[in-house]
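What follows is a short report on a single structure.
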Amino acid sequence: MRWWSVANFVSNAGTWMQLTVQNLLVLQITGSAAATGLSMSVQAAPALFMSMLGGAAVDRWPRKVTAAVSQALLGAVAFTTAVLVATDRLDMTSLMVLAAVTGTIATVDGPACALLGNDLVPVADVPSAIGVGALVHNAGRLVGAALAGVTVGFLGTAAAYAANGLSFLFVTAVIPFLRPAADAVRRAAGPGPRPGKRDDMTIREGLAFFARRPRLVALAGITGVSAVFGRNYGLTLAVLVTGPLAGGPGAFGTVSTVLAVGGILGAVLGARLRRPSVRVVGTLAAAGALLQVVAGLSPSLAVLLVLVLPMAVVESVSDTAGTAVLQTDPPPHLRGRVLGVWSSIGTVWGLGGPPALGLLMEFAGPRGALVTGGVVVAATITAGRVLRARRTPRPVALPTRPGEEIAGREALGTAA
């Protein structure tokens with residue numbers, strides 16, 4: 001697990017370095033912010049249409065082989081881009097094609113690597129392993145974004161893509177030496193599809209399981225309303241800081257740094273969760289929404305900075321708990337497909353949330369958007385909890401007299 005965490009840190013740093021450089025490269029080629037957004041959408045689009053196929057592949061193929069091959073392919077795409085940039089042959093069309101190929105490979109790589117990490121620890125430690133993964137992700141994001149500017153400044157844009165390619169190869173080299181935990185082997189061999197019965201490996205089975213599982217549907221609802229009306233702080237707080245609070249890019253950079261630090265602290269706290277649940281996710285999401293309401297009313301940048309840290313911590317712990325539920329609730333032979341369903345749903349939120357929030361800011365302003373969004377999130381989660389409490393059946397006391405046994409106790413015990 002230590003080796004896997006180191007490999008993931010290196011890979012995440014390389015990925016965020018490439019993403020940062022790619023946005024700068026598109027701006028350099030086209031001079032258009034719209035084209036930059038388009039390149040990001042092209043890379044994300046395959047997750048919308050192909051994630052369920054990728055999840056089915058992860059359930060069907062050996063996990064270590066799948067992760068190693070997908071990492072090697074991502075490395076090949078990064079090296080190809082580096083060569084095109086170095087030879088000055090990269091145009092917008094080829095960049096879009098490479099972005100689409102990267103997004104397609106990621107539909108398999110994402111669930112394969114996530115589930116492979118869970119296999120390295122005993123089942124009781126899976127929530128902690130997911131928390132460690134979140135910590136590694138946030139740390140890699142910070143380091144990768146910082147290294148992008150240094151690498152481009154001293155070595156050029158092609159070097160950033162080449163470094164990302166090397167990071168993928170490092171992960172590929174580590175995977176063959178990973179040894180799953182003993183109970184992970186038993187889990188993989190537990191209840192699941194019978195060999196040769198390929199109908200059990202269909203995408204439909206993953207969709208049906210997700211739809212029939214109330215806790216997963218509730219988790220999707222909580223995450224969806226939070227993604228549309230909350231979070232997205234890169235958009236809402238940017239407008240708030242540079243608008244009503246009269247700060248500049250440097251002030252927003254400070255806010256972004258505090259958000260990143262809060263994400264790391266939240267990942268550390270999330271790694272200590274032993275029994276994450278949808279109730280915990282909902283409670284934390286509602287708490288974060290209320291903090292967002294207060295942040296929207298901040299009279300100064302100093303007050304906002306005080307609120308931003310707990311907002312980021314709560315969001316990170318909530319995300320870690322939700323990921324733990326998502327990756328441990330389905331049976332082992334369905335986890336890849338359930339993650340594929342989740343990735344498709346998350347892509348819808350990722351593509352639709354920012355435009356909806358931007359429209360809300362047009363009508364209500366940044367303060368109004370933060371306050372309204374926070375109220376909507378908290379109210380929706382509270383209403384869902386009240387409805388669930390009303391539908392939950394309560395135990396009925398059987399009528400007895402003092403000193404008498406319940407009639408038919410033996411039969412009831414046998415039935416139980």
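Naming scheme: A, B, ... for chains in displayed order of the structure tokens; residues 1 onward per chain; ligands 1 onward as shown.
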* To do: Using backbone DSSP assignments, extract all alpha helix (DSSP H) residues from region 44-209 of chain A; output them as JSON, numbers by chain.
  => {"A": [44, 45, 46, 47, 48, 49, 50, 51, 52, 53, 54, 55, 56, 57, 58, 59, 60, 63, 64, 65, 66, 67, 68, 69, 70, 71, 72, 73, 74, 75, 76, 77, 78, 79, 80, 81, 82, 83, 84, 85, 86, 92, 93, 94, 95, 96, 97, 98, 99, 100, 101, 102, 103, 104, 105, 106, 107, 108, 109, 110, 111, 112, 113, 114, 115, 116, 117, 118, 126, 127, 128, 129, 130, 131, 132, 133, 134, 135, 136, 137, 138, 139, 140, 141, 142, 143, 144, 145, 146, 147, 148, 149, 150, 151, 152, 153, 154, 155, 157, 158, 159, 160, 161, 162, 163, 164, 165, 166, 167, 168, 169, 170, 171, 172, 173, 174, 182, 183, 184, 185, 186, 187, 188, 203, 204, 205, 206, 207, 208, 209]}
* Please identify all polymer residues within 6 Å of region 280-289 of chain A, counting only C-alpha atoms, omitting same-chain residues fewer than 6 positions from it, and present them as a list in words. =>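 Near region 280-289 of chain A, the qualifying residues are Met311, Val314, Ser318, Gly322, Gly374 and Ala378 of chain A.
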* Asked: Could you name the residues that touch region 5-18 of chain A at 8 Å or less, counting only C-alpha atoms, but leaving out those on the same chain fewer than 6 positions away, as number ranges by chain?
  -> A: 132-133, 136-137, 139-148, 160-161, 163-165, 167-168, 170-171, 174
* Can you tell me, as a ChimeraX atom specification, what residues are no more than 12 Å from Arg388 (chain A) when counting only C-alpha atoms, ignoring any on the same chain fewer than 6 positions away? -> /A:214-215,218,279,381-382
* Would you mind listing what lies within 12 Å of Pro355 (chain A) as a list in words, with only C-alpha atoms counted and same-chain residues fewer than 6 positions away left out? =>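 Skipping anything fewer than 6 positions along the chain leaves Gly37, Ala227, Val228, Phe229, Asn232, Leu235, Thr236, Val348, Trp349, Met361 and Glu362 of chain A.
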* Choose the residue, out of A:Leu207, A:Met92, A:Ala158, A:Ala129, that has the smallest atom-to-atom separation from Ala324 (chain A); count only C-alpha atoms. =>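 With only C-alpha atoms as the atom set, the closest residue is A:Ala129.
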* Asked: Any idea what's packed within 9 Å of Gly340 (chain A), counting only C-alpha atoms, ignoring anything in its chain fewer than 4 positions away? Could you give it as a PyMOL selection string?
  -> chain A and resi 47+50-56+107-108+111+206+335-336+344-345
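Closest approach to Leu237 (chain A) among A:Leu359, A:Leu304, A:Ala379, A:Ala100 is made by A:Leu304 (distances from only C-alpha atoms).
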